[in-house]
Amino acid sequence: MPKQLDKVFIDVEVDASVAADGALAAKLEEVCPVDIFKAAEGGVEVVEGNLDECVLCNLCVDAAPEGAVRVVKLYER
Amino acid sequence: MSILLGKETAFIVQGITGREAVNLTRECLDYGSRVVGGVTPGRKGREVHGVPVFDTVAQAVENHGAPVDGSVVTVPPAFTKDAVLEAIENGIKLIVVVTERIPRRDVAQMVELAELRGARIIGPNCLGLIVPAVCKMGGIGGPAKDAAKAYAPGPVGVMSRSGGMTTEISSALTRAGLGVSTAVSIGGDAIIGSTYAELMPYFEADEQTRAIVIYTEPGGRMEAQLSAWVKENDSRLPVVAFMAGKFMDDEEMKGMSFGHAGTIVEGKEDTATEKIVRLEAAGIRVVERIDEIPDAVKEKLGATV
Amino acid sequence: MRFYEFEARKIVELAGIPVTEYGFCTTAEQARKAAETIGGPVVVKSQVLSGGRMKAGGVKFAETPDEAAEHAEAILKLEINGQMPRGVLVDPKAEVKQEYYAGVVWDGTAKRPLMLFSDIGGIDIEEVAEKHPDHVGRGHLSNLLPISDFEAKQTIAATGVTGSQLNRATQVLARLARLFRDNDMILAEINPLAELTDGSFVALDAHMEMENEAVGRQKALLRRQLEIAADDTREPYEPSAFERNVAAIDAADHRGVIQGRDHGFQGNLGLVIGAGGGSLTLTDAVRSQGGKPANYSEIGGNPSVAKACGLAKQVLEKDGVEKIAVMMSIVSNTRVDIVARGVIKACLELGRDPGEAIAIFRIPGAWEEEGFKILERYGVEYCDRSVSIWEAAGRAVAKIQGTPA
C-alpha cells in the first residue's frame with residue numbers, strides 16, 4: 001500500500017484563544033462542507049486527513065471571531 | 001437576435017432545491033435570465049436566491065400571472081418524465097432537460113407529447129442554451145463570469161452533443177473574434193428532443209446567424225438527417241463540423257460506448273468514418289483538428305459575404 | 001444489457017409467442033436427458049453473447065441423445081470470441097416450411113420504435129434490406145397510444161404475405177412490439193421465425209437487449225422471472241484490474257464522477273482527462289499525433305481531491321505508463337484547483353516528481369488562477385484556453401517521445 005499524504009496544500013490554524021470553545025467547535029463542524037473540523041471533548045479538533053479537500057469557501061473563517069481561524073494555502077509559502 | 005431564447009423569456013426551474021439546480025439558478029440570474037419560479041414538490045413557500053418555490057408547475061404559472069415560456073428540468077431520472085409532462089400540460093413551450101440516464105421510452109414519450117402540444121424539448125443529458133451577453137437557460141458556460149469569458153455575441157450558431165465542448169468551441173470562436181449567436185447543448189443521449197436538423201430552421205430564420213458549427217460523435221443517425229436537411233432546403237448557412245471519437249472505430253472498441261450514452265454504435269452507418277463521408281457529401285466541411293474550426297468558419301463566411 | 005438465447009426465448013415465451021420445447025443445460029448429462037425428452041433429432045447450441053457461433057462450431061446437430069451429449073461436452077469447452085459459454089440449448093430440429101424475420105428496434109430519427117418484418121428469415125436483416133428491399137416491411141409505433149394488431153398486420157402485409165400466414169404472424173409481431181416497449185428493450189428480434197409444416201409459427205431463435213438505464217425498473221423480469229443475479233453484468237469483456245479499481249474509487253465517494261477504461265489500450269501515455277466530449281476529443285488528438293494512450297478516462301461533476309488523486313494514481317501505476325497528461329475541455333463545474341491538487345498528490349504519494357510525471361496539465365475554467373498557482377509551485381507544465389486541446393495533446397506526445405514540440 002503506497003503512503004498517504006495529508007496537509008500538502010492546505011492547513012488550518014485555530015487560535016489558542018478559541019481552541020477550547022465547545023460552541024465554536026460545534027459551529028465549525030456544521031459549516032465546513034468537507035468535514036475538516038470536529039467538535040471533540042477538548043474543543044476544536046482539526047481532521048488532518050480532510051485538510052486537502054478544503055474548497056476555500058471561508059465559511060469557517062466567517063463563523064469564528066475575526067482572525068481566530070485562518071486557512072493557509074501551503075502552496076503560496 | 002437569437003433562437004428559441006431571448007431576454008424576455010420567462011422560465012422556471014423544476015427541481016430547484018437540488019444542489020446542482022441551486023447553482024444553475026444563481027448562474028442564470030447573474031447572467032441576466034428571467035427565472036420566475038421554481039418547483040419542488042413539498043417545498044412550497046421557500047426561496048432559492050430570491051426565486052419563489054412551489055409544489056406544482058400550475059402554482060408557479062399562476063403566481064407569475066402570465067404565460068411561462070420555459071422550464072429547466074433537473075430532477076432524478078425516475079421522475080423526469082412526469083416533470084416534463086407536467087410542464088407541457090401547463091402550457092410551457094420550451095423545456096430544457098438536464099437529467100441524464102433517462103430510459104429511451106420515457107424520452108420518446110415526452111418528445112411525442114411535446115410534438116402534439118407544439119412544445120420543444122432540448123436534451124436530455126444537456127447543459128441548455130445560451131445567447132451571449134443576453135441570457136442563458138441551464139448550466140451552460142458555468143458561472144456568469146466564466147460564461148462571459150467564453151461567449152461573445154457573433155454570427156455563429158453552435159450545436160453540440162457535448163455540453164463541455166459547446167463551451168470549448170464557443171470559446172475558440174470568441175477568441176478568434178467571431179463570436180456566437182446562440183449555442184445549444186443538444187444532449188448526449190441516443191434519443192433527444194431536438195436534433196441538428198430540427199434546430200436548423202430556427203438558425204435559418206435568425207438574421208444574426210451566418211454560419212453553423214456542430215460538434216458530433218459516433219452513434220445515431222443525426223448527422224445523416226442534417227446532411228439531408230442541408231441539401232433539401234438549400235440552406236444559406238455554411239456548416240462546419242467536428243467529429244470526436246474516431247478511436248471508437250477500432251475493432252477492439254466495437255459495441256462499447258464512451259463519453260455519452262448516445263455513442264453506442266448500432267449499425268455501420270453510425271461510425272465516425274461513415275458519418276464524415278455523409279457530412280462531406282452534403283458540402284459540410286469536417287475539420288480534422290478542433291483548433292481548425294475558427295479558420296474554417298472564416299473561410300466559409302468569406303465565401304458568403 | 002444483453003440476454004443469452006435461452007433467456008431471450010423465455011422473454012418471448014412470457015409474451016405469449018410460441019417457442020419450441022427447448023432445454024437449457026450446463027452439463028453433457030443434462031443435454032442427454034433433454035434430447036431424450038424431446039425424442040428425435042435435436043440441435044445443440046452454445047450459449048454465448050457473441051455472434052458467429054455457427055461459424056465457430058458452436059451449433060451442432062444430433063440424431064440421438066448420446067450424440068447430443070457428445071456435442072454438448074465439446075461445445076461447453078469451446079471458447080467463442082473470448083467467451084466461455086454459459087451452457088447449451090438443446091432444441092428439437094424443427095420441420096420448417098418457411099423462415100421469416102420479425103424485429104423491433106428504436107428509430108432515433110423518428111424517435112419511435114420501428115417494427116421490421118421480412119418473409120426472408122434466417123439471415124441478417126441488414127443484408128435482406130440491401131438485397132431485397134421489397135421484402136422488408138416497416139412500421140413505426142406511437143410511444144403514447146396502445147399498440148394495435150393492425151399496425152403489425154400492415155407491416156407484414158407490405159411484404160406480400162397474406163392468408164393464414166398473415167394472421168398468425170400478426171399475433172407474433174404485435175406481441176413482440178408490446179414486449180419491446182413494456183420491457184424497455186433496445187432490440188427484440190426473432191430470427192428465424194419459423195412456419196412449421198403443420199402451419200404453426202414458432203420462434204426458433206431470439207435476440208434481446210434491454211436498455212441499461214432501465215435495468216433498475218425491470219427487476220420483476222430480470223430477477224424473478226429470468227433469475228439473473230444483480231451482479232451478473234453483461235459487459236462485452238471482463239473488466240481489468242484498472243477498471244475495477246477506478247470503479248471502486250468512484251463508488252466510495254459521492255463527490256463527482258470518474259471513469260477509467262483500458263480495454264484495447266496499451267500505450268505509455270496515461271490519460272487523466274474529461275469530461276464526456278472532451279475525453280473523446282482528447283483521445284483522438286493524442287492518437288492522431290502519434291501518441292499511445294495507456295487508457296481512456298473521464299472526470300466530471302466536480303470530484304473531490306481524493307477521487308482525482310485516486311484516478312491519477314491508478315493511471316500512473318499502470319504497466320508501461322511513463323507519464324500522464326491531465327487535460328480537459330473548459331470546465332465550469334469541475335474545479336481546476338481541486339483536480340490540480342489531486343493529480344499532484346498522486347505523484348507525491350507514489351514518490352514521483354509531479355514536474356516530471358505530468359507531461360502537461362491543460363484544464364481551463366473554474367478556479368483556474370488558483371489551480372495555476374499550485375501547478376507553478378510544483379513545476380508542472382500547464383496551459384490555459386489559449387492553447388487548444390489539439391496543441392496540448394501534441395505537447396504531451398512530444399514530451400513522452402523526447403522530441404521537441
# chains A, B, ... in the order shown; residues from 1 in each chain; ligands from 1

call {"tool": "closest_atom_pairs", "arguments": {"of": "chain C", "to": "chain B", "cutoff": "8 Å", "atoms": "only C-alpha atoms", "output": "JSON lines"}}
result
{"residue": "C:Gly108", "atom": "CA", "partner": "B:Ile191", "partner_atom": "CA", "distance": 5.4}
{"residue": "C:Thr109", "atom": "CA", "partner": "B:Arg221", "partner_atom": "CA", "distance": 6.5}
{"residue": "C:Lys111", "atom": "CA", "partner": "B:Ala108", "partner_atom": "CA", "distance": 5.7}
{"residue": "C:Arg112", "atom": "CA", "partner": "B:Ala108", "partner_atom": "CA", "distance": 6.5}
{"residue": "C:Ser142", "atom": "CA", "partner": "B:Glu112", "partner_atom": "CA", "distance": 8.0}
{"residue": "C:Asn143", "atom": "CA", "partner": "B:Gln109", "partner_atom": "CA", "distance": 5.2}
{"residue": "C:Leu144", "atom": "CA", "partner": "B:Gln109", "partner_atom": "CA", "distance": 6.0}
{"residue": "C:Arg181", "atom": "CA", "partner": "B:Arg105", "partner_atom": "CA", "distance": 7.2}
{"residue": "C:Asp184", "atom": "CA", "partner": "B:Arg105", "partner_atom": "CA", "distance": 6.6}
{"residue": "C:Glu211", "atom": "CA", "partner": "B:Pro103", "partner_atom": "CA", "distance": 7.0}
{"residue": "C:Glu213", "atom": "CA", "partner": "B:Pro103", "partner_atom": "CA", "distance": 5.3}
{"residue": "C:Ala214", "atom": "CA", "partner": "B:Pro103", "partner_atom": "CA", "distance": 5.5}
{"residue": "C:Pro236", "atom": "CA", "partner": "B:Gly255", "partner_atom": "CA", "distance": 7.4}
{"residue": "C:His263", "atom": "CA", "partner": "B:Glu252", "partner_atom": "CA", "distance": 7.7}
{"residue": "C:Gly264", "atom": "CA", "partner": "B:Glu252", "partner_atom": "CA", "distance": 5.6}
{"residue": "C:Ala275", "atom": "CA", "partner": "B:Gly164", "partner_atom": "CA", "distance": 7.1}
{"residue": "C:Gly276", "atom": "CA", "partner": "B:Gly259", "partner_atom": "CA", "distance": 3.8}
{"residue": "C:Gly277", "atom": "CA", "partner": "B:Ser162", "partner_atom": "CA", "distance": 5.1}
{"residue": "C:Gly278", "atom": "CA", "partner": "B:Met165", "partner_atom": "CA", "distance": 6.4}
{"residue": "C:Ser279", "atom": "CA", "partner": "B:Gly259", "partner_atom": "CA", "distance": 6.9}
{"residue": "C:Leu280", "atom": "CA", "partner": "B:Gly245", "partner_atom": "CA", "distance": 4.7}
{"residue": "C:Thr281", "atom": "CA", "partner": "B:Ala244", "partner_atom": "CA", "distance": 4.9}
{"residue": "C:Thr283", "atom": "CA", "partner": "B:Phe247", "partner_atom": "CA", "distance": 7.4}
{"residue": "C:Asp284", "atom": "CA", "partner": "B:Phe247", "partner_atom": "CA", "distance": 6.0}
{"residue": "C:Ala285", "atom": "CA", "partner": "B:Arg289", "partner_atom": "CA", "distance": 7.6}
{"residue": "C:Arg287", "atom": "CA", "partner": "B:Phe247", "partner_atom": "CA", "distance": 7.9}
{"residue": "C:Glu298", "atom": "CA", "partner": "B:Gly259", "partner_atom": "CA", "distance": 7.5}
{"residue": "C:Ser329", "atom": "CA", "partner": "B:Glu168", "partner_atom": "CA", "distance": 5.9}
{"residue": "C:Ile330", "atom": "CA", "partner": "B:Glu168", "partner_atom": "CA", "distance": 5.5}
{"residue": "C:Val331", "atom": "CA", "partner": "B:Gly164", "partner_atom": "CA", "distance": 6.8}
{"residue": "C:Ser332", "atom": "CA", "partner": "B:Gly142", "partner_atom": "CA", "distance": 4.4}
{"residue": "C:Asn333", "atom": "CA", "partner": "B:Gly142", "partner_atom": "CA", "distance": 6.5}
{"residue": "C:Gly365", "atom": "CA", "partner": "B:Asp146", "partner_atom": "CA", "distance": 6.9}
{"residue": "C:Ala366", "atom": "CA", "partner": "B:Asp146", "partner_atom": "CA", "distance": 7.0}
{"residue": "C:Ser388", "atom": "CA", "partner": "B:Asp291", "partner_atom": "CA", "distance": 6.0}
{"residue": "C:Ile389", "atom": "CA", "partner": "B:Ile290", "partner_atom": "CA", "distance": 7.2}
{"residue": "C:Trp390", "atom": "CA", "partner": "B:Ile290", "partner_atom": "CA", "distance": 6.5}

call {"tool": "select_by_dssp", "arguments": {"residues": "chain A", "states": "strand (DSSP E)", "output": "PyMOL selection string"}}
result
chain A and resi 10-14+37-40+43-46+69-73

call {"tool": "write_last_selection", "arguments": {"atoms": "N, CA and C atoms", "output": "compact mmCIF listing (two decimals), in the first residue's frame"}}
result
# COMPACT_ATOMS: atom_id res chain seq x y z
N ILE A 10 -3.18 22.54 2.02
CA ILE A 10 -3.94 23.42 2.90
C ILE A 10 -3.68 23.10 4.36
N ASP A 11 -3.54 24.14 5.17
CA ASP A 11 -3.51 23.96 6.62
C ASP A 11 -4.50 24.93 7.22
N VAL A 12 -5.00 24.58 8.38
CA VAL A 12 -5.93 25.45 9.09
C VAL A 12 -5.35 25.73 10.46
N GLU A 13 -5.26 27.00 10.81
CA GLU A 13 -4.74 27.38 12.12
C GLU A 13 -5.88 27.91 12.98
N VAL A 14 -6.01 27.31 14.14
CA VAL A 14 -7.05 27.75 15.07
C VAL A 14 -6.34 28.43 16.24
N PHE A 37 -13.37 20.11 10.45
CA PHE A 37 -13.44 20.34 11.90
C PHE A 37 -14.30 19.30 12.59
N LYS A 38 -13.84 18.97 13.84
CA LYS A 38 -14.63 18.05 14.64
C LYS A 38 -14.76 18.66 16.03
N ALA A 39 -15.97 18.60 16.57
CA ALA A 39 -16.16 19.09 17.94
C ALA A 39 -15.79 17.96 18.89
N ALA A 40 -14.56 18.02 19.44
CA ALA A 40 -14.09 16.98 20.37
C ALA A 40 -14.25 17.47 21.80
N GLY A 43 -12.50 20.65 22.70
CA GLY A 43 -12.78 21.80 21.86
C GLY A 43 -12.62 21.48 20.38
N VAL A 44 -12.02 22.40 19.64
CA VAL A 44 -11.90 22.23 18.19
C VAL A 44 -10.81 21.22 17.84
N GLU A 45 -11.18 20.22 17.03
CA GLU A 45 -10.16 19.29 16.56
C GLU A 45 -10.11 19.40 15.04
N VAL A 46 -8.89 19.46 14.48
CA VAL A 46 -8.74 19.54 13.03
C VAL A 46 -8.48 18.14 12.48
N VAL A 69 -9.67 31.83 13.13
CA VAL A 69 -9.43 30.66 12.28
C VAL A 69 -8.82 31.17 10.98
N ARG A 70 -7.70 30.59 10.62
CA ARG A 70 -7.03 31.00 9.39
C ARG A 70 -6.84 29.80 8.47
N VAL A 71 -7.17 29.98 7.18
CA VAL A 71 -6.93 28.93 6.19
C VAL A 71 -5.63 29.30 5.48
N VAL A 72 -4.66 28.39 5.51
CA VAL A 72 -3.36 28.70 4.92
C VAL A 72 -3.14 27.87 3.66
N LYS A 73 -2.88 28.56 2.57
CA LYS A 73 -2.55 27.85 1.33
C LYS A 73 -1.06 27.56 1.36

call {"tool": "interface_residues", "arguments": {"of": "chain A", "to": "chain C", "cutoff": "12 Å", "atoms": "only C-alpha atoms", "output": "VMD selection string"}}
result
chain A and resid 1 to 10 33 to 34 49 to 56 73 to 77

call {"tool": "write_last_selection", "arguments": {"atoms": "C-alpha atoms", "output": "short mmCIF file (atom, residue, chain, number, x, y, z; two decimals), in the first residue's frame"}}
result
data_model
loop_
_atom_site.label_atom_id
_atom_site.label_comp_id
_atom_site.auth_asym_id
_atom_site.auth_seq_id
_atom_site.Cartn_x
_atom_site.Cartn_y
_atom_site.Cartn_z
CA MET A 1 0.00 0.00 0.00
CA PRO A 2 1.57 3.30 -1.04
CA LYS A 3 1.75 6.03 1.57
CA GLN A 4 -0.93 8.63 2.04
CA LEU A 5 0.00 12.27 2.49
CA ASP A 6 -2.02 14.84 4.38
CA LYS A 7 -1.76 18.60 4.62
CA VAL A 8 0.06 19.03 1.33
CA PHE A 9 -1.86 22.06 0.08
CA ILE A 10 -3.94 23.42 2.90
CA PRO A 33 -18.64 21.18 3.74
CA VAL A 34 -15.65 18.84 3.74
CA GLY A 49 -6.92 13.75 6.54
CA ASN A 50 -9.53 16.17 5.19
CA LEU A 51 -7.42 19.34 5.04
CA ASP A 52 -6.54 18.99 1.38
CA GLU A 53 -10.22 18.73 0.49
CA CYS A 54 -10.76 22.36 1.55
CA VAL A 55 -12.75 24.20 -1.13
CA LEU A 56 -11.70 27.68 0.10
CA LYS A 73 -2.55 27.85 1.33
CA LEU A 74 0.69 25.96 1.74
CA TYR A 75 1.45 26.29 -1.97
CA GLU A 76 1.75 30.04 -1.56
CA ARG A 77 4.51 29.77 1.02
#

call {"tool": "residues_around", "arguments": {"residues": "Thr209 (chain B)", "least_positions_apart": "3", "cutoff": "10 Å", "atoms": "only C-alpha atoms", "output": "list in words"}}
result
Met1, Ser2, Ile3, Gly154, Pro155, Val156, Gly157, Val158, Val180, Ser181, Thr182, Tyr202, Phe203, Glu204, Ala205, Asp206, Ile212 and Leu237 of chain B

call {"tool": "select_by_dssp", "arguments": {"residues": "region 231-361 of chain C", "states": "alpha helix (DSSP H)", "output": "PDB file with C-alpha atoms, in the first residue's frame"}}
result
ATOM      1  CA  ALA C 241      -7.960  -4.649 -12.512  1.00  0.00           C
ATOM      2  CA  PHE C 242      -7.526  -0.989 -13.519  1.00  0.00           C
ATOM      3  CA  GLU C 243     -11.180  -0.718 -14.471  1.00  0.00           C
ATOM      4  CA  ARG C 244     -12.354  -2.406 -11.286  1.00  0.00           C
ATOM      5  CA  ASN C 245     -10.126  -0.211  -9.098  1.00  0.00           C
ATOM      6  CA  VAL C 246     -11.296   3.018 -10.697  1.00  0.00           C
ATOM      7  CA  ALA C 247     -14.933   1.929 -10.360  1.00  0.00           C
ATOM      8  CA  ALA C 248     -14.341   1.164  -6.670  1.00  0.00           C
ATOM      9  CA  ILE C 249     -12.764   4.588  -6.063  1.00  0.00           C
ATOM     10  CA  ASP C 250     -15.702   6.207  -7.820  1.00  0.00           C
ATOM     11  CA  ALA C 251     -18.267   4.282  -5.779  1.00  0.00           C
ATOM     12  CA  ALA C 252     -16.561   5.039  -2.455  1.00  0.00           C
ATOM     13  CA  GLY C 276     -17.572  13.169 -21.981  1.00  0.00           C
ATOM     14  CA  GLY C 277     -16.924  15.049 -25.220  1.00  0.00           C
ATOM     15  CA  GLY C 278     -13.573  16.344 -24.022  1.00  0.00           C
ATOM     16  CA  SER C 279     -12.309  12.821 -23.404  1.00  0.00           C
ATOM     17  CA  LEU C 280     -13.313  11.669 -26.883  1.00  0.00           C
ATOM     18  CA  THR C 281     -11.663  14.706 -28.480  1.00  0.00           C
ATOM     19  CA  LEU C 282      -8.505  14.364 -26.390  1.00  0.00           C
ATOM     20  CA  THR C 283      -8.085  10.645 -27.016  1.00  0.00           C
ATOM     21  CA  ASP C 284      -8.316  11.259 -30.769  1.00  0.00           C
ATOM     22  CA  ALA C 285      -5.923  14.225 -30.531  1.00  0.00           C
ATOM     23  CA  VAL C 286      -3.286  12.107 -28.760  1.00  0.00           C
ATOM     24  CA  ARG C 287      -3.579   9.240 -31.228  1.00  0.00           C
ATOM     25  CA  SER C 288      -3.661  11.404 -34.345  1.00  0.00           C
ATOM     26  CA  VAL C 305      -9.268  15.810  -4.291  1.00  0.00           C
ATOM     27  CA  ALA C 306      -9.195  12.193  -3.099  1.00  0.00           C
ATOM     28  CA  LYS C 307     -11.091  10.998  -6.150  1.00  0.00           C
ATOM     29  CA  ALA C 308      -8.923  12.863  -8.654  1.00  0.00           C
ATOM     30  CA  CYS C 309      -5.888  11.583  -6.764  1.00  0.00           C
ATOM     31  CA  GLY C 310      -7.208   8.010  -6.827  1.00  0.00           C
ATOM     32  CA  LEU C 311      -7.733   8.049 -10.582  1.00  0.00           C
ATOM     33  CA  ALA C 312      -4.327   9.614 -11.269  1.00  0.00           C
ATOM     34  CA  LYS C 313      -2.636   7.030  -9.063  1.00  0.00           C
ATOM     35  CA  GLN C 314      -4.316   4.144 -10.854  1.00  0.00           C
ATOM     36  CA  VAL C 315      -3.202   5.551 -14.199  1.00  0.00           C
ATOM     37  CA  LEU C 316       0.361   6.221 -13.011  1.00  0.00           C
ATOM     38  CA  VAL C 336      -9.198  23.318 -11.839  1.00  0.00           C
ATOM     39  CA  ASP C 337      -7.503  23.743  -8.443  1.00  0.00           C
ATOM     40  CA  ILE C 338      -9.119  20.632  -6.971  1.00  0.00           C
ATOM     41  CA  VAL C 339      -8.022  18.445  -9.898  1.00  0.00           C
ATOM     42  CA  ALA C 340      -4.530  20.002  -9.736  1.00  0.00           C
ATOM     43  CA  ARG C 341      -4.260  19.099  -6.056  1.00  0.00           C
ATOM     44  CA  GLY C 342      -5.457  15.550  -6.775  1.00  0.00           C
ATOM     45  CA  VAL C 343      -3.008  14.739  -9.543  1.00  0.00           C
ATOM     46  CA  ILE C 344      -0.027  16.338  -7.781  1.00  0.00           C
ATOM     47  CA  LYS C 345      -0.854  14.424  -4.630  1.00  0.00           C
ATOM     48  CA  ALA C 346      -0.962  11.194  -6.640  1.00  0.00           C
ATOM     49  CA  CYS C 347       2.596  11.851  -7.856  1.00  0.00           C
ATOM     50  CA  LEU C 348       3.878  12.726  -4.402  1.00  0.00           C
ATOM     51  CA  GLU C 349       2.317   9.693  -2.758  1.00  0.00           C
ATOM     52  CA  PRO C 354       4.986  15.988 -10.405  1.00  0.00           C
ATOM     53  CA  GLY C 355       7.006  18.171 -12.776  1.00  0.00           C
ATOM     54  CA  GLU C 356       8.445  15.056 -14.407  1.00  0.00           C
ATOM     55  CA  ALA C 357       5.462  12.662 -14.178  1.00  0.00           C
TER      56      ALA C 357
END

call {"tool": "closest_residue", "arguments": {"among": "A:Gly67, A:Glu48, A:Leu59, A:Gly42", "to": "Gly22 (chain A)", "atoms": "only C-alpha atoms"}}
result
A:Gly42

call {"tool": "atom_distance", "arguments": {"atom1": "CA of Thr80 (chain B)", "atom2": "CA of Arg261 (chain C)"}}
result
29.5 Å
